[in-house]
$ cat input.txt   # compact mmCIF, C-alpha atoms
# COMPACT_ATOMS: atom_id res chain seq x y z
CA MET Y 1 317.60 244.78 -12.78
CA ARG Y 2 315.03 246.35 -15.12
CA ALA Y 3 312.68 243.39 -14.58
CA ALA Y 4 313.05 243.80 -10.80
CA LEU Y 5 312.24 247.52 -10.97
CA ILE Y 6 309.16 246.85 -13.10
CA LEU Y 7 308.01 244.19 -10.61
CA ALA Y 8 308.56 246.54 -7.65
CA GLY Y 9 306.62 249.30 -9.37
CA ALA Y 10 303.76 246.94 -10.13
CA LEU Y 11 303.62 245.81 -6.49
CA LEU Y 12 303.57 249.42 -5.27
CA MET Y 13 300.68 250.25 -7.58
CA ALA Y 14 298.80 247.22 -6.26
CA ILE Y 15 298.93 248.48 -2.64
CA PRO Y 16 295.53 249.99 -1.70
CA ALA Y 17 295.57 253.74 -1.19
CA ALA Y 18 294.59 253.33 2.48
CA ALA Y 19 297.68 251.21 3.08
CA GLN Y 20 300.12 253.72 1.56
CA PRO Y 21 302.00 256.08 3.90
CA PRO Y 22 300.05 259.34 4.46
CA ALA Y 23 301.38 262.44 2.77
CA GLY Y 24 302.73 265.40 4.70
CA GLY Y 25 303.09 263.59 8.00
CA ALA Y 26 299.33 263.22 8.55
CA LYS Y 27 298.27 260.91 11.40
CA PRO Y 28 295.08 258.93 12.11
CA GLN Y 29 294.51 261.11 15.19
CA ASP Y 30 294.06 264.16 12.95
CA THR Y 31 290.54 263.01 12.04
CA GLU Y 32 289.46 261.62 15.44
CA ILE Y 33 286.80 263.60 17.33
CA TYR Y 34 286.19 263.16 21.08
CA SER Y 35 283.53 265.76 21.84
CA PRO Y 36 280.70 266.44 22.16
CA VAL Y 37 280.00 263.00 23.62
CA PRO Y 38 276.56 261.60 22.60
CA PRO Y 39 274.15 261.25 25.52
CA VAL Y 40 273.57 257.77 26.92
CA VAL Y 41 270.07 256.50 26.12
CA THR Y 42 269.01 253.17 27.59
CA PRO Y 43 266.87 251.29 25.04
CA GLY Y 44 263.71 249.46 25.98
CA ARG Y 45 263.87 245.70 26.45
CA ARG Y 46 262.09 245.37 23.12
CA ASP Y 47 262.46 247.76 20.19
CA ALA Y 48 258.84 248.85 20.67
CA ASP Y 49 259.38 249.75 24.35
CA PRO Y 50 260.08 253.40 25.18
CA PRO Y 51 263.76 254.23 25.71
CA SER Y 52 264.94 256.11 28.76
CA ASP Y 53 264.55 259.60 27.25
CA ALA Y 54 261.08 259.07 25.76
CA ILE Y 55 257.91 260.89 26.76
CA VAL Y 56 255.28 258.19 27.16
CA LEU Y 57 252.08 259.65 25.71
CA PHE Y 58 249.90 256.61 26.37
CA ASP Y 59 250.78 253.55 28.47
CA GLY Y 60 247.31 252.11 28.94
CA LYS Y 61 246.54 253.90 32.20
CA ASP Y 62 245.19 257.39 31.52
CA LEU Y 63 244.86 260.25 29.04
CA SER Y 64 246.74 262.84 31.08
CA HIS Y 65 248.86 263.82 28.06
CA TRP Y 66 245.87 264.44 25.78
CA VAL Y 67 243.10 267.00 25.27
CA ASN Y 68 240.25 267.50 22.85
CA THR Y 69 241.55 269.36 19.80
CA LYS Y 70 238.53 271.62 19.44
CA ASP Y 71 238.30 273.17 22.92
CA LYS Y 72 241.26 271.71 24.89
CA ALA Y 73 238.82 269.96 27.24
CA PRO Y 74 239.77 266.51 28.61
CA ALA Y 75 240.10 263.94 25.84
CA GLY Y 76 236.84 262.06 25.50
CA TRP Y 77 238.12 258.75 24.18
CA LYS Y 78 237.73 255.47 26.08
CA ILE Y 79 240.31 253.25 27.75
CA GLN Y 80 239.26 249.61 27.71
CA GLY Y 81 241.61 246.98 29.09
CA GLY Y 82 244.62 249.25 28.70
CA ILE Y 83 243.72 250.07 25.10
CA LEU Y 84 242.76 253.53 23.82
CA VAL Y 85 239.57 253.31 21.74
CA VAL Y 86 238.53 256.14 19.42
CA GLU Y 87 235.29 257.85 20.45
CA LYS Y 88 234.12 259.30 17.16
CA LYS Y 89 231.52 261.66 18.63
CA ALA Y 90 234.15 263.22 20.91
CA GLY Y 91 236.31 264.34 17.96
CA ASN Y 92 240.06 264.51 17.47
CA ILE Y 93 242.49 264.54 20.37
CA GLU Y 94 245.99 266.02 20.57
CA THR Y 95 248.88 266.18 22.99
CA LYS Y 96 249.05 268.87 25.66
CA GLU Y 97 252.75 269.26 24.92
CA THR Y 98 254.05 270.71 21.68
CA PHE Y 99 256.93 269.39 19.63
CA GLY Y 100 259.33 270.33 16.87
CA SER Y 101 261.25 267.43 15.31
CA TYR Y 102 260.86 264.04 16.95
CA GLN Y 103 260.85 260.24 16.81
CA LEU Y 104 257.40 258.73 17.36
CA HIS Y 105 256.24 255.18 18.01
CA LEU Y 106 252.58 254.15 18.09
CA GLU Y 107 250.57 250.97 17.61
CA TRP Y 108 247.06 250.75 16.21
CA LEU Y 109 244.43 248.08 15.65
CA GLU Y 110 241.72 247.63 13.05
CA PRO Y 111 238.79 245.71 14.58
CA LYS Y 112 238.42 242.06 13.66
CA ASN Y 113 235.91 241.44 10.85
CA ILE Y 114 235.64 245.15 10.08
CA VAL Y 115 233.23 246.05 7.27
CA GLY Y 116 233.18 248.81 4.68
CA THR Y 117 235.24 249.68 1.64
CA GLY Y 118 237.76 252.26 0.55
CA GLN Y 119 238.11 255.30 2.81
CA GLY Y 120 235.11 254.12 4.84
CA ARG Y 121 237.01 251.23 6.35
CA GLY Y 122 238.81 251.81 9.66
CA ASN Y 123 239.86 255.35 8.82
CA SER Y 124 241.92 257.51 11.19
CA GLY Y 125 245.23 259.33 11.05
CA VAL Y 126 248.17 260.60 13.03
CA PHE Y 127 248.80 264.30 12.42
CA LEU Y 128 252.52 264.77 12.85
CA ALA Y 129 251.94 268.44 13.54
CA SER Y 130 248.48 269.70 14.43
CA THR Y 131 248.16 273.31 13.26
CA GLY Y 132 244.55 273.99 14.17
CA PRO Y 133 241.13 272.52 14.86
CA GLY Y 134 239.66 269.74 12.81
CA ASP Y 135 242.10 268.11 10.41
CA ASP Y 136 244.55 271.00 10.04
CA GLY Y 137 248.15 269.80 9.92
CA TYR Y 138 250.29 267.09 8.33
CA GLU Y 139 248.70 263.63 8.27
CA LEU Y 140 250.16 260.16 7.99
CA GLN Y 141 247.14 258.09 7.04
CA ILE Y 142 245.76 255.28 9.21
CA MET Y 143 243.14 252.97 7.71
CA ASP Y 144 242.55 249.36 6.75
CA SER Y 145 244.51 248.77 3.55
CA TYR Y 146 244.54 244.98 3.79
CA LYS Y 147 242.85 243.82 0.58
CA ASN Y 148 240.94 247.09 0.47
CA ASP Y 149 241.38 249.28 -2.59
CA THR Y 150 241.31 253.08 -2.49
CA TYR Y 151 243.31 255.94 -4.01
CA VAL Y 152 246.94 255.09 -3.31
CA ASN Y 153 247.89 258.49 -1.91
CA GLY Y 154 245.20 257.92 0.70
CA GLN Y 155 245.90 254.34 1.77
CA ALA Y 156 247.58 253.41 5.04
CA ALA Y 157 251.10 254.88 5.47
CA SER Y 158 250.56 257.54 2.82
CA VAL Y 159 251.32 261.16 3.55
CA TYR Y 160 247.69 261.97 2.89
CA LYS Y 161 247.06 263.20 -0.68
CA GLN Y 162 250.82 263.75 -1.16
CA SER Y 163 253.06 260.69 -0.99
CA ILE Y 164 252.21 257.11 -1.95
CA PRO Y 165 253.75 254.60 0.49
CA LEU Y 166 256.70 252.59 -0.82
CA ALA Y 167 254.91 249.37 0.18
CA ASN Y 168 251.61 248.10 1.55
CA ALA Y 169 252.74 246.48 4.82
CA MET Y 170 249.30 245.94 6.36
CA ARG Y 171 248.59 243.00 8.61
CA PRO Y 172 245.06 241.54 8.55
CA ASP Y 173 242.20 242.96 10.61
CA GLY Y 174 242.46 242.16 14.31
CA GLU Y 175 246.28 242.26 14.35
CA TRP Y 176 248.27 245.12 15.82
CA GLN Y 177 250.04 247.48 13.42
CA SER Y 178 252.97 249.75 14.28
CA TYR Y 179 254.37 253.03 13.01
CA ASP Y 180 257.87 254.28 13.73
CA ILE Y 181 258.24 257.83 12.46
CA ILE Y 182 261.00 260.41 12.19
CA TRP Y 183 259.48 263.87 11.77
CA THR Y 184 261.56 266.87 10.76
CA ALA Y 185 259.51 269.96 11.47
CA PRO Y 186 259.40 272.80 8.94
CA LYS Y 187 261.10 276.10 9.73
CA PHE Y 188 259.87 279.57 8.85
CA ASN Y 189 261.51 282.95 8.43
CA ALA Y 190 260.53 285.97 10.53
CA ASP Y 191 258.22 287.18 7.76
CA GLY Y 192 256.35 283.85 7.74
CA SER Y 193 257.90 282.51 4.54
CA LEU Y 194 259.17 278.96 4.42
CA LYS Y 195 262.82 278.52 5.40
CA SER Y 196 263.00 274.71 5.19
CA PRO Y 197 260.20 272.19 4.48
CA ALA Y 198 258.94 269.35 6.65
CA LYS Y 199 260.28 265.85 6.04
CA VAL Y 200 259.17 262.43 7.20
CA THR Y 201 260.61 258.94 7.30
CA ALA Y 202 258.26 256.17 8.41
CA MET Y 203 258.27 252.43 9.01
CA HIS Y 204 255.03 250.44 8.95
CA ASN Y 205 255.36 247.10 10.74
CA GLY Y 206 259.12 247.36 10.28
CA VAL Y 207 258.87 248.08 6.54
CA LEU Y 208 260.12 251.40 5.13
CA VAL Y 209 257.11 253.22 3.67
CA GLN Y 210 258.25 256.88 3.56
CA ASN Y 211 261.93 257.64 2.94
CA ASP Y 212 262.84 261.21 3.93
CA TYR Y 213 259.85 262.51 1.97
CA VAL Y 214 259.78 266.30 1.60
CA LEU Y 215 256.25 267.63 2.15
CA THR Y 216 254.90 270.34 -0.12
CA GLY Y 217 252.73 271.75 2.67
CA GLU Y 218 250.01 270.72 5.06
CA THR Y 219 247.89 267.78 3.94
CA ARG Y 220 244.48 268.73 2.59
CA TYR Y 221 241.35 266.77 1.71
CA ILE Y 222 240.48 269.23 -1.08
CA GLY Y 223 242.96 271.36 -2.97
CA LYS Y 224 246.71 271.66 -3.16
CA PRO Y 225 248.91 271.61 -0.04
CA PHE Y 226 250.52 274.80 1.21
CA TYR Y 227 252.50 276.00 4.20
CA LYS Y 228 251.45 278.51 6.83
CA ALA Y 229 253.93 279.60 9.48
CA HIS Y 230 253.81 277.91 12.88
CA GLY Y 231 256.07 276.98 15.78
CA ASN Y 232 256.08 273.81 17.85
CA THR Y 233 252.80 271.93 17.59
CA PRO Y 234 250.86 269.08 19.23
CA ILE Y 235 250.61 265.56 17.81
CA LYS Y 236 247.00 264.75 16.88
CA LEU Y 237 244.98 261.53 16.51
CA GLN Y 238 241.93 261.62 14.27
CA ALA Y 239 238.39 260.54 15.10
CA HIS Y 240 237.23 259.95 11.53
CA GLY Y 241 233.52 259.97 10.83
CA ASP Y 242 233.39 256.84 8.69
CA PRO Y 243 230.68 254.26 9.55
CA SER Y 244 233.03 251.41 10.49
CA PRO Y 245 233.72 250.40 14.11
CA PRO Y 246 236.35 252.53 15.85
CA ILE Y 247 240.03 251.64 15.80
CA SER Y 248 242.28 251.43 18.87
CA PHE Y 249 245.75 252.61 19.95
CA ARG Y 250 248.38 251.51 22.44
CA ASN Y 251 252.05 252.09 23.35
CA ILE Y 252 252.52 255.67 22.14
CA TRP Y 253 255.80 257.43 22.93
CA VAL Y 254 257.92 260.22 21.50
CA ARG Y 255 261.56 261.40 21.67
CA ARG Y 256 262.41 265.01 20.98
CA LEU Y 257 265.09 265.55 18.33
CA ALA Y 258 267.30 268.59 17.86
CA ASP Y 259 265.98 270.93 15.18
$ encode --input "input.txt" --output "structure tokens"
Amino acid sequence: MRAALILAGALLMAIPAAAQPPAGGAKPQDTEIYSPVPPVVTPGRRDADPPSDAIVLFDGKDLSHWVNTKDKAPAGWKIQGGILVVEKKAGNIETKETFGSYQLHLEWLEPKNIVGTGQGRGNSGVFLASTGPGDDGYELQIMDSYKNDTYVNGQAASVYKQSIPLANAMRPDGEWQSYDIIWTAPKFNADGSLKSPAKVTAMHNGVLVQNDYVLTGETRYIGKPFYKAHGNTPIKLQAHGDPSPPISFRNIWVRRLAD
């Protein structure tokens, strides 16, 4: 009898906790939630295609969603064969609409046989929040980092001068690159002080390059980053003044996320 009791006790201890009867009459239904029901979003046929709730910022047809950053005049960049080509003399462009937190997809192309070195090679950027004229805001770097050395917190997929990318996922010149970005906008108190910082997660050509990185402020070419209070902001594309041929963009769309 003693041997049987010991065996029974051993078997009971071997039963996984999840398989043991719940204590106090608890039921599986106690932890089941039925509302609110998530909205239905129809995905694109390919992962890069805009889903049903996306705002398509550029589809190869026009620049109706964009203006010049400096004076809000019509964007002066060129559309050639359904591709948006940077016009460096026209300056930066930004969206007419403003955004808080969002999901962004864009594709960009470094020209074939591009020349130059370091930061002078196919330089541009996507400013995840444009906070003023020029290069004010928070920049995810765009440039040719395929076999092209530069400071690592300024190469492609870096949060410029802040966060080194987790990997260099560049394709060669003349091949399309993609960014898929989750931007969490910063929040500010009524007195202008920072309530919660900005964060970014980014994929470059399907490779994780920024993993929920917490920004220490707006990105700056010279000096330390800092925050200044702002609300919803445009998304900005940079017309960098480097001497290399201009880069191109296509298939840009955004989905608003709850703040």
$ closest_residue --input "input.txt" --among "Y:Asn168, Y:Gln103, Y:Thr216, Y:Asn92" --to "Arg255 in chain Y" --atoms "all atoms listed in the file"
Y:Gln103
$ residues_around --input "input.txt" --residues "Gln210 in chain Y" --least-positions-apart "5" --cutoff "8 Å" --atoms "only C-alpha atoms" --output "PyMOL selection string"
chain Y and resi 157-158+163+165-166+200-203
$ residues_around --input "input.txt" --residues "Lys187 in chain Y" --least-positions-apart "2" --cutoff "10 Å" --atoms "only C-alpha atoms" --output "VMD selection string"
chain Y and resid 100 184 to 185 189 to 190 192 to 198 229 to 232 259
$ atom_distance --input "input.txt" --atom1 "CA of Glu175 in chain Y" --atom2 "CA of Ala90 in chain Y"
25.1 Å
$ residues_near_point --input "input.txt" --point "(235.8, 263.6, 25.0)" --cutoff "12 Å" --atoms "all atoms listed in the file" --output "PyMOL selection string"
chain Y and resi 63+66-79+85-94+239
$ build_atoms --input "input.txt" --residues "range 79-112 of chain Y" --atoms "N, CA and C atoms" --output "PDB file, keeping the file's coordinate frame"
ATOM      1  N   ILE Y  79     239.251 254.221  27.471  1.00  0.00           N
ATOM      2  CA  ILE Y  79     240.310 253.250  27.750  1.00  0.00           C
ATOM      3  C   ILE Y  79     239.639 251.957  28.184  1.00  0.00           C
ATOM      4  N   GLN Y  80     239.866 250.905  27.427  1.00  0.00           N
ATOM      5  CA  GLN Y  80     239.260 249.610  27.710  1.00  0.00           C
ATOM      6  C   GLN Y  80     240.354 248.554  27.754  1.00  0.00           C
ATOM      7  N   GLY Y  81     240.586 248.005  28.941  1.00  0.00           N
ATOM      8  CA  GLY Y  81     241.610 246.980  29.090  1.00  0.00           C
ATOM      9  C   GLY Y  81     242.998 247.450  28.710  1.00  0.00           C
ATOM     10  N   GLY Y  82     243.310 248.705  29.021  1.00  0.00           N
ATOM     11  CA  GLY Y  82     244.620 249.250  28.700  1.00  0.00           C
ATOM     12  C   GLY Y  82     244.788 249.706  27.268  1.00  0.00           C
ATOM     13  N   ILE Y  83     243.698 249.685  26.511  1.00  0.00           N
ATOM     14  CA  ILE Y  83     243.720 250.070  25.100  1.00  0.00           C
ATOM     15  C   ILE Y  83     242.916 251.357  24.922  1.00  0.00           C
ATOM     16  N   LEU Y  84     243.441 252.277  24.108  1.00  0.00           N
ATOM     17  CA  LEU Y  84     242.760 253.530  23.820  1.00  0.00           C
ATOM     18  C   LEU Y  84     241.857 253.351  22.606  1.00  0.00           C
ATOM     19  N   VAL Y  85     240.552 253.514  22.803  1.00  0.00           N
ATOM     20  CA  VAL Y  85     239.570 253.310  21.740  1.00  0.00           C
ATOM     21  C   VAL Y  85     239.028 254.664  21.285  1.00  0.00           C
ATOM     22  N   VAL Y  86     239.027 254.883  19.975  1.00  0.00           N
ATOM     23  CA  VAL Y  86     238.530 256.140  19.420  1.00  0.00           C
ATOM     24  C   VAL Y  86     237.050 256.304  19.755  1.00  0.00           C
ATOM     25  N   GLU Y  87     236.688 257.486  20.248  1.00  0.00           N
ATOM     26  CA  GLU Y  87     235.290 257.850  20.450  1.00  0.00           C
ATOM     27  C   GLU Y  87     234.956 258.896  19.390  1.00  0.00           C
ATOM     28  N   LYS Y  88     234.297 258.442  18.336  1.00  0.00           N
ATOM     29  CA  LYS Y  88     234.120 259.300  17.160  1.00  0.00           C
ATOM     30  C   LYS Y  88     233.335 260.568  17.471  1.00  0.00           C
ATOM     31  N   LYS Y  89     232.335 260.486  18.332  1.00  0.00           N
ATOM     32  CA  LYS Y  89     231.520 261.660  18.630  1.00  0.00           C
ATOM     33  C   LYS Y  89     232.304 262.703  19.418  1.00  0.00           C
ATOM     34  N   ALA Y  90     233.362 262.286  20.099  1.00  0.00           N
ATOM     35  CA  ALA Y  90     234.150 263.220  20.910  1.00  0.00           C
ATOM     36  C   ALA Y  90     235.105 264.041  20.064  1.00  0.00           C
ATOM     37  N   GLY Y  91     235.419 263.584  18.845  1.00  0.00           N
ATOM     38  CA  GLY Y  91     236.310 264.340  17.960  1.00  0.00           C
ATOM     39  C   GLY Y  91     237.775 264.017  18.167  1.00  0.00           C
ATOM     40  N   ASN Y  92     238.611 264.738  17.434  1.00  0.00           N
ATOM     41  CA  ASN Y  92     240.060 264.510  17.470  1.00  0.00           C
ATOM     42  C   ASN Y  92     240.637 264.850  18.842  1.00  0.00           C
ATOM     43  N   ILE Y  93     241.749 264.196  19.169  1.00  0.00           N
ATOM     44  CA  ILE Y  93     242.490 264.540  20.370  1.00  0.00           C
ATOM     45  C   ILE Y  93     243.933 264.860  19.990  1.00  0.00           C
ATOM     46  N   GLU Y  94     244.599 265.659  20.831  1.00  0.00           N
ATOM     47  CA  GLU Y  94     245.990 266.020  20.570  1.00  0.00           C
ATOM     48  C   GLU Y  94     246.748 266.122  21.889  1.00  0.00           C
ATOM     49  N   THR Y  95     248.057 266.115  21.791  1.00  0.00           N
ATOM     50  CA  THR Y  95     248.880 266.180  22.990  1.00  0.00           C
ATOM     51  C   THR Y  95     248.828 267.569  23.617  1.00  0.00           C
ATOM     52  N   LYS Y  96     248.941 267.589  24.957  1.00  0.00           N
ATOM     53  CA  LYS Y  96     249.050 268.870  25.660  1.00  0.00           C
ATOM     54  C   LYS Y  96     250.389 269.539  25.322  1.00  0.00           C
ATOM     55  N   GLU Y  97     251.423 268.730  25.219  1.00  0.00           N
ATOM     56  CA  GLU Y  97     252.750 269.260  24.920  1.00  0.00           C
ATOM     57  C   GLU Y  97     252.894 269.504  23.423  1.00  0.00           C
ATOM     58  N   THR Y  98     253.755 270.426  23.078  1.00  0.00           N
ATOM     59  CA  THR Y  98     254.050 270.710  21.680  1.00  0.00           C
ATOM     60  C   THR Y  98     255.459 270.242  21.342  1.00  0.00           C
ATOM     61  N   PHE Y  99     255.685 269.985  20.064  1.00  0.00           N
ATOM     62  CA  PHE Y  99     256.930 269.390  19.630  1.00  0.00           C
ATOM     63  C   PHE Y  99     257.410 270.047  18.334  1.00  0.00           C
ATOM     64  N   GLY Y 100     258.728 270.010  18.151  1.00  0.00           N
ATOM     65  CA  GLY Y 100     259.330 270.330  16.870  1.00  0.00           C
ATOM     66  C   GLY Y 100     259.602 269.030  16.144  1.00  0.00           C
ATOM     67  N   SER Y 101     260.876 268.709  15.932  1.00  0.00           N
ATOM     68  CA  SER Y 101     261.250 267.430  15.310  1.00  0.00           C
ATOM     69  C   SER Y 101     261.273 266.336  16.370  1.00  0.00           C
ATOM     70  N   TYR Y 102     260.946 265.114  15.969  1.00  0.00           N
ATOM     71  CA  TYR Y 102     260.860 264.040  16.950  1.00  0.00           C
ATOM     72  C   TYR Y 102     260.909 262.666  16.301  1.00  0.00           C
ATOM     73  N   GLN Y 103     261.040 261.650  17.158  1.00  0.00           N
ATOM     74  CA  GLN Y 103     260.850 260.240  16.810  1.00  0.00           C
ATOM     75  C   GLN Y 103     259.600 259.773  17.529  1.00  0.00           C
ATOM     76  N   LEU Y 104     258.690 259.150  16.789  1.00  0.00           N
ATOM     77  CA  LEU Y 104     257.400 258.730  17.360  1.00  0.00           C
ATOM     78  C   LEU Y 104     257.172 257.248  17.120  1.00  0.00           C
ATOM     79  N   HIS Y 105     256.684 256.568  18.145  1.00  0.00           N
ATOM     80  CA  HIS Y 105     256.240 255.180  18.010  1.00  0.00           C
ATOM     81  C   HIS Y 105     254.780 255.109  18.448  1.00  0.00           C
ATOM     82  N   LEU Y 106     253.944 254.438  17.662  1.00  0.00           N
ATOM     83  CA  LEU Y 106     252.580 254.150  18.090  1.00  0.00           C
ATOM     84  C   LEU Y 106     252.101 252.864  17.448  1.00  0.00           C
ATOM     85  N   GLU Y 107     251.154 252.220  18.100  1.00  0.00           N
ATOM     86  CA  GLU Y 107     250.570 250.970  17.610  1.00  0.00           C
ATOM     87  C   GLU Y 107     249.070 251.148  17.503  1.00  0.00           C
ATOM     88  N   TRP Y 108     248.482 250.567  16.467  1.00  0.00           N
ATOM     89  CA  TRP Y 108     247.060 250.750  16.210  1.00  0.00           C
ATOM     90  C   TRP Y 108     246.438 249.456  15.698  1.00  0.00           C
ATOM     91  N   LEU Y 109     245.135 249.326  15.923  1.00  0.00           N
ATOM     92  CA  LEU Y 109     244.430 248.080  15.650  1.00  0.00           C
ATOM     93  C   LEU Y 109     243.137 248.341  14.898  1.00  0.00           C
ATOM     94  N   GLU Y 110     242.999 247.665  13.757  1.00  0.00           N
ATOM     95  CA  GLU Y 110     241.720 247.630  13.050  1.00  0.00           C
ATOM     96  C   GLU Y 110     240.882 246.499  13.637  1.00  0.00           C
ATOM     97  N   PRO Y 111     239.608 246.751  13.953  1.00  0.00           N
ATOM     98  CA  PRO Y 111     238.790 245.710  14.580  1.00  0.00           C
ATOM     99  C   PRO Y 111     238.693 244.455  13.712  1.00  0.00           C
ATOM    100  N   LYS Y 112     238.594 243.322  14.363  1.00  0.00           N
ATOM    101  CA  LYS Y 112     238.420 242.060  13.660  1.00  0.00           C
ATOM    102  C   LYS Y 112     237.091 242.069  12.907  1.00  0.00           C
TER     103      LYS Y 112
END
